[in-house]
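Chemist: Below is the file work-v9.cif, with mmCIF, C-alpha atoms.
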data_work
loop_
_atom_site.label_atom_id
_atom_site.label_comp_id
_atom_site.auth_asym_id
_atom_site.auth_seq_id
_atom_site.Cartn_x
_atom_site.Cartn_y
_atom_site.Cartn_z
CA MET A 16 26.22 -28.35 -21.37
CA GLU A 17 24.73 -25.09 -20.19
CA ILE A 18 25.78 -23.65 -16.89
CA THR A 19 23.16 -21.65 -15.02
CA PRO A 20 24.65 -18.43 -13.71
CA PRO A 21 24.34 -18.00 -9.96
CA ALA A 22 21.38 -15.94 -8.81
CA ALA A 23 22.16 -12.37 -7.86
CA PRO A 24 22.57 -12.07 -4.11
CA ILE A 25 19.58 -10.55 -2.36
CA ASP A 26 20.36 -7.29 -0.62
CA PRO A 27 19.49 -7.95 3.04
CA ARG A 28 18.21 -4.39 3.44
CA SER A 29 15.78 -4.85 0.51
CA ALA A 30 14.58 -8.19 1.89
CA PHE A 31 14.02 -6.59 5.30
CA LEU A 32 12.03 -3.67 3.79
CA GLU A 33 9.99 -6.04 1.59
CA GLU A 34 9.08 -8.12 4.64
CA LYS A 35 8.13 -5.01 6.64
CA ALA A 36 5.95 -3.69 3.78
CA PHE A 37 4.21 -7.06 3.49
CA LYS A 38 3.61 -7.29 7.25
CA SER A 39 2.19 -3.75 7.26
CA ARG A 40 -0.08 -4.73 4.31
CA THR A 41 1.20 -1.85 2.20
CA VAL A 42 1.66 -1.73 -1.58
CA LEU A 43 3.60 1.13 -3.20
CA VAL A 44 2.72 2.37 -6.68
CA PHE A 45 5.51 4.86 -7.38
CA GLY A 46 6.90 6.26 -10.62
CA THR A 47 5.66 5.72 -14.14
CA ILE A 48 2.99 3.03 -14.43
CA THR A 49 4.21 0.29 -16.76
CA ASP A 50 3.46 -3.40 -17.29
CA ALA A 51 6.24 -4.15 -14.77
CA THR A 52 4.64 -1.83 -12.19
CA ALA A 53 1.27 -3.50 -12.79
CA ALA A 54 2.74 -7.01 -12.46
CA ASP A 55 4.50 -6.09 -9.20
CA ALA A 56 1.38 -4.47 -7.71
CA ALA A 57 -0.77 -7.42 -8.84
CA ARG A 58 1.56 -9.96 -7.18
CA ARG A 59 1.52 -8.05 -3.92
CA LEU A 60 -2.25 -7.48 -3.90
CA ILE A 61 -2.96 -11.15 -4.62
CA ALA A 62 -0.50 -12.30 -1.94
CA LEU A 63 -1.88 -9.92 0.69
CA ASP A 64 -5.46 -10.88 -0.19
CA ALA A 65 -4.59 -14.56 0.19
CA ASP A 66 -2.91 -13.84 3.52
CA SER A 67 -5.86 -12.05 5.14
CA ALA A 68 -9.09 -10.13 4.52
CA GLU A 69 -7.71 -7.19 6.54
CA PRO A 70 -7.42 -3.83 4.73
CA ILE A 71 -4.55 -3.22 2.31
CA ASP A 72 -3.04 0.26 2.04
CA VAL A 73 -1.97 1.31 -1.46
CA ILE A 74 0.21 4.42 -1.52
CA VAL A 75 0.23 6.11 -4.93
CA SER A 76 2.78 8.70 -6.06
CA SER A 77 2.91 8.62 -9.84
CA PRO A 78 2.66 10.90 -12.86
CA GLY A 79 0.71 8.14 -14.64
CA GLY A 80 1.86 6.10 -17.58
CA HIS A 81 0.43 3.26 -19.61
CA LEU A 82 -3.38 3.31 -19.34
CA GLU A 83 -3.90 -0.44 -19.73
CA SER A 84 -1.29 -1.13 -17.03
CA GLY A 85 -3.27 1.22 -14.80
CA ASP A 86 -6.41 -0.71 -15.78
CA THR A 87 -4.78 -3.91 -14.52
CA ILE A 88 -4.11 -2.47 -11.06
CA HIS A 89 -7.53 -0.75 -10.94
CA ASP A 90 -9.41 -3.93 -11.83
CA LEU A 91 -7.39 -6.12 -9.45
CA ILE A 92 -8.09 -3.78 -6.54
CA ARG A 93 -11.79 -4.29 -7.24
CA PHE A 94 -11.32 -8.03 -7.84
CA ILE A 95 -9.73 -9.02 -4.53
CA ARG A 96 -11.77 -9.52 -1.34
CA ALA A 97 -9.66 -7.42 1.04
CA PRO A 98 -10.72 -3.76 1.18
CA VAL A 99 -8.13 -1.37 -0.23
CA ARG A 100 -7.43 2.07 1.20
CA MET A 101 -5.89 4.45 -1.34
CA ILE A 102 -3.43 7.03 -0.08
CA GLY A 103 -2.25 9.72 -2.49
CA SER A 104 1.17 11.25 -1.92
CA GLY A 105 3.29 13.66 -3.93
CA TRP A 106 1.30 13.70 -7.12
CA VAL A 107 -1.32 11.42 -8.57
CA GLY A 108 -1.79 12.03 -12.27
CA SER A 109 -3.28 10.58 -15.41
CA ALA A 110 -3.30 6.74 -15.27
CA ALA A 111 -2.38 6.94 -11.56
CA THR A 112 -5.65 8.80 -10.93
CA HIS A 113 -7.39 5.91 -12.68
CA VAL A 114 -5.70 3.50 -10.23
CA TYR A 115 -6.56 5.79 -7.30
CA LEU A 116 -10.27 5.76 -8.21
CA ALA A 117 -10.45 1.97 -7.79
CA ALA A 118 -11.33 2.42 -4.11
CA PRO A 119 -14.67 3.88 -3.00
CA ARG A 120 -14.53 7.53 -1.92
CA GLU A 121 -14.71 6.72 1.79
CA ARG A 122 -11.44 4.77 1.40
CA ARG A 123 -9.67 7.39 -0.74
CA PHE A 124 -7.23 9.44 1.33
CA CYS A 125 -4.34 11.74 0.56
CA LEU A 126 -1.52 13.43 2.42
CA PRO A 127 -1.74 17.24 2.73
CA ASN A 128 0.67 18.18 -0.09
CA THR A 129 -0.65 15.78 -2.72
CA ARG A 130 -1.58 17.20 -6.12
CA PHE A 131 -3.91 15.51 -8.59
CA LEU A 132 -4.03 15.69 -12.39
CA ILE A 133 -6.77 14.52 -14.71
CA HIS A 134 -6.60 14.76 -18.49
CA GLN A 135 -7.48 12.86 -21.62
CA PRO A 136 -5.22 10.05 -22.84
CA SER A 137 -2.55 10.71 -25.43
CA GLY A 138 -0.76 8.34 -27.71
CA GLY A 139 2.06 8.20 -30.19
CA ILE A 140 0.14 7.89 -33.42
CA GLY A 141 2.07 6.75 -36.46
CA GLY A 142 2.07 4.36 -39.37
CA LYS A 143 -0.25 4.00 -42.34
CA ALA A 144 -3.30 6.26 -42.68
CA ALA A 145 -5.68 3.38 -41.87
CA ASP A 146 -3.70 2.53 -38.71
CA ILE A 147 -3.64 6.19 -37.64
CA ALA A 148 -7.45 6.32 -37.97
CA ILE A 149 -7.80 3.17 -35.84
CA GLN A 150 -5.44 4.55 -33.15
CA ALA A 151 -7.29 7.88 -33.08
CA GLN A 152 -10.61 6.06 -32.62
CA GLU A 153 -9.16 4.03 -29.73
CA ILE A 154 -7.92 7.21 -28.02
CA ILE A 155 -11.42 8.71 -28.33
CA ARG A 156 -12.93 5.56 -26.82
CA ALA A 157 -10.38 5.60 -23.96
CA ARG A 158 -11.14 9.30 -23.34
CA GLN A 159 -14.84 8.54 -23.01
CA ARG A 160 -14.18 5.59 -20.69
CA ILE A 161 -11.90 7.65 -18.43
CA ALA A 162 -14.41 10.51 -18.29
CA GLU A 163 -17.24 8.11 -17.39
CA LEU A 164 -15.16 6.60 -14.57
CA ILE A 165 -14.23 10.01 -13.16
CA ALA A 166 -17.86 11.18 -13.38
CA ARG A 167 -19.15 8.01 -11.68
CA GLU A 168 -16.57 8.08 -8.87
CA THR A 169 -16.78 11.82 -8.17
CA GLY A 170 -20.47 12.51 -8.80
CA LYS A 171 -19.58 15.21 -11.34
CA PRO A 172 -21.66 15.49 -14.55
CA LEU A 173 -20.04 13.67 -17.48
CA GLU A 174 -20.18 16.79 -19.68
CA LEU A 175 -18.23 18.77 -17.06
CA VAL A 176 -15.59 16.04 -16.70
CA LEU A 177 -15.18 15.87 -20.50
CA GLU A 178 -14.65 19.64 -20.48
CA HIS A 179 -12.10 19.43 -17.64
CA ILE A 180 -10.02 16.64 -19.17
CA GLU A 181 -9.75 18.45 -22.50
CA ARG A 182 -6.55 19.97 -21.08
CA ASP A 183 -4.45 19.24 -17.98
CA TYR A 184 -6.66 19.84 -14.93
CA TRP A 185 -4.66 20.19 -11.70
CA MET A 186 -6.07 20.05 -8.18
CA SER A 187 -4.63 20.56 -4.72
CA ALA A 188 -5.61 18.11 -1.99
CA GLN A 189 -8.50 20.35 -0.87
CA GLU A 190 -9.63 20.96 -4.46
CA ALA A 191 -9.58 17.19 -5.03
CA ILE A 192 -11.88 16.75 -2.01
CA ASP A 193 -14.21 19.43 -3.37
CA TYR A 194 -14.16 17.68 -6.77
CA GLY A 195 -15.02 14.31 -5.24
CA LEU A 196 -11.74 12.55 -6.04
CA VAL A 197 -10.58 12.36 -2.42
CA GLY A 198 -12.56 11.38 0.64
CA ARG A 199 -10.30 12.87 3.29
CA ILE A 200 -6.90 14.46 3.86
CA VAL A 201 -4.86 12.62 6.51
CA LYS A 202 -1.61 13.48 8.26
CA GLY A 203 -0.91 10.18 9.98
CA ARG A 204 -1.58 6.48 9.54
CA ASP A 205 -3.67 6.33 12.70
CA GLU A 206 -6.29 8.49 10.91
CA LEU A 207 -7.02 5.57 8.55
CA SER A 208 -8.29 3.35 11.38
CA GLY A 209 -11.87 2.21 11.06
CA GLU A 210 -12.17 3.52 7.47
CA THR A 211 -12.66 0.23 5.68
CA GLY A 212 -16.11 0.97 4.27
#
Would you write the structure of this file as structure tokens?
Modeler:
Amino acid sequence: MEITPPAAPIDPRSAFLEEKAFKSRTVLVFGTITDATAADAARRLIALDADSAEPIDVIVSSPGGHLESGDTIHDLIRFIRAPVRMIGSGWVGSAATHVYLAAPRERRFCLPNTRFLIHQPSGGIGGKAADIAIQAQEIIRARQRIAELIARETGKPLELVLEHIERDYWMSAQEAIDYGLVGRIVKGRDELSGETG
């Protein structure tokens, strides 16, 4: 006979903060983007969308991570009915920039000290020669897809974006506005009001 271990007690402080975040319709995407990050963000977005069609604020502070996990969050933001307002904080890089670009430019905000990074994908290539060739081809395809998304969402020519992502391309908040990544720099939450597109 198997005995089920008791569930870990829920920290009351965590439960309180979770409830407050849900009530404020805020989703945090912090740290490296992984399948666990994507699953957590997806659960929250779906729950908030089911709760109301009011705007959802997604705060992103991430160096990036797994591209396909970023794809999951990006696609879900576009899938749900509730409008999503993106707020960059700290730094938004690589796959996190991909997530950030899920919202239309008029709903893409950042805090004053946010930095942005765009670059081409990288991967740990290994194995047999045939497998290495397949992985290299997939990285090239992902690079093209990322460049096309950045070009479409910023209005920059594709050739210029391909040139920029060849190496790490850093931008300050103001440079990101000039590039077309960010719609507006905000200092307080009240500045988001009425910006639901």
Chemist: Given the file above and the PyMOL selection byres ((chain A and resi 97-100) around 7), which residues are selected, and can you give them as an MDAnalysis selection string?
Modeler: chainID A and resid 64 68:73 92 95:96 101:102 118 122:123 211
Chemist: Centre and edge lengths of an axis-aligned box around all listed atoms of region 171-185 of chain A, with 4 Å added on each side, are to be given in Å to one decimal, as AutoDock Vina command-line options.
Modeler:
--center_x -13.1 --center_y 16.9 --center_z -16.9 --size_x 25.2 --size_y 14.5 --size_z 19.2
Chemist: To test your reading of the syntax: which residues would the PyMOL selection byres ((chain A and resi 75) around 6) return for the file shown? Reply as number ranges by chain.
Modeler: A: 44-45, 74, 76, 103
Chemist: Find the spatial neighbours of region 124-137 of chain A, counting only C-alpha atoms, within a cut-off of 7 Å - ignore same-chain residues fewer than 5 positions away - and output them as a list in words.
Modeler: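 In the requested format, the answer is Met101, Ile102, Gly103, Ser104, Gly105, Trp106, Val107, Gly108, Ser109, Thr112, Ile154, Ala157, Arg158, Ile180, Glu181, Arg182, Asp183, Tyr184, Trp185, Met186, Ser187, Ala188, Ala191, Val197, Gly198, Arg199, Ile200, Val201 and Lys202 of chain A.
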Chemist: I'd like to know which of A:His89, A:Lys143, A:Arg204, A:Arg40 is closest to Ala117 (chain A), using all atoms listed in the file.
Modeler: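 When distances to Ala117 (chain A) are compared using all atoms listed in the file, the smallest one comes from A:His89.
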Chemist: Using all atoms listed in the file, find all polymer residues with an atom at most 8 Å away from the point (-12.0, -0.9, -15.3); report them as a PyMOL selection string.
Modeler: chain A and resi 86-87+89-90
Chemist: Can you work out the spacing between CA of Thr41 (chain A) and CA of Leu116 (chain A) in Å, to one decimal?
Modeler: 17.3 Å
Chemist: Which is closest to Gly46 (chain A) among A:Leu60, A:Leu32, A:Leu82, A:Ala111, if we use all atoms listed in the file?
Modeler: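 Ranked by minimum distance to Gly46 (chain A), first place goes to A:Ala111.
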Chemist: Find the distance between CA of Ala148 (chain A) and CA of Thr47 (chain A) and write it in Å to one decimal.
Modeler: 27.2 Å
Chemist: Env of Tyr194 (chain A): 9 Å cut, atoms = all atoms listed in the file, seq-sep filter 4 positions within chain, self excluded. Answer as a list in words.
Modeler: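 Listing them by chain and then by number gives Thr169, Gly170, Lys171, Met186, Gln189 and Glu190 of chain A.
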Chemist: For CA of Ala36 (chain A) and CA of Phe94 (chain A), quote the distance in Å rounded to one decimal.
Modeler: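 Separating CA of Ala36 (chain A) from CA of Phe94 (chain A) is a distance of 21.3 Å.
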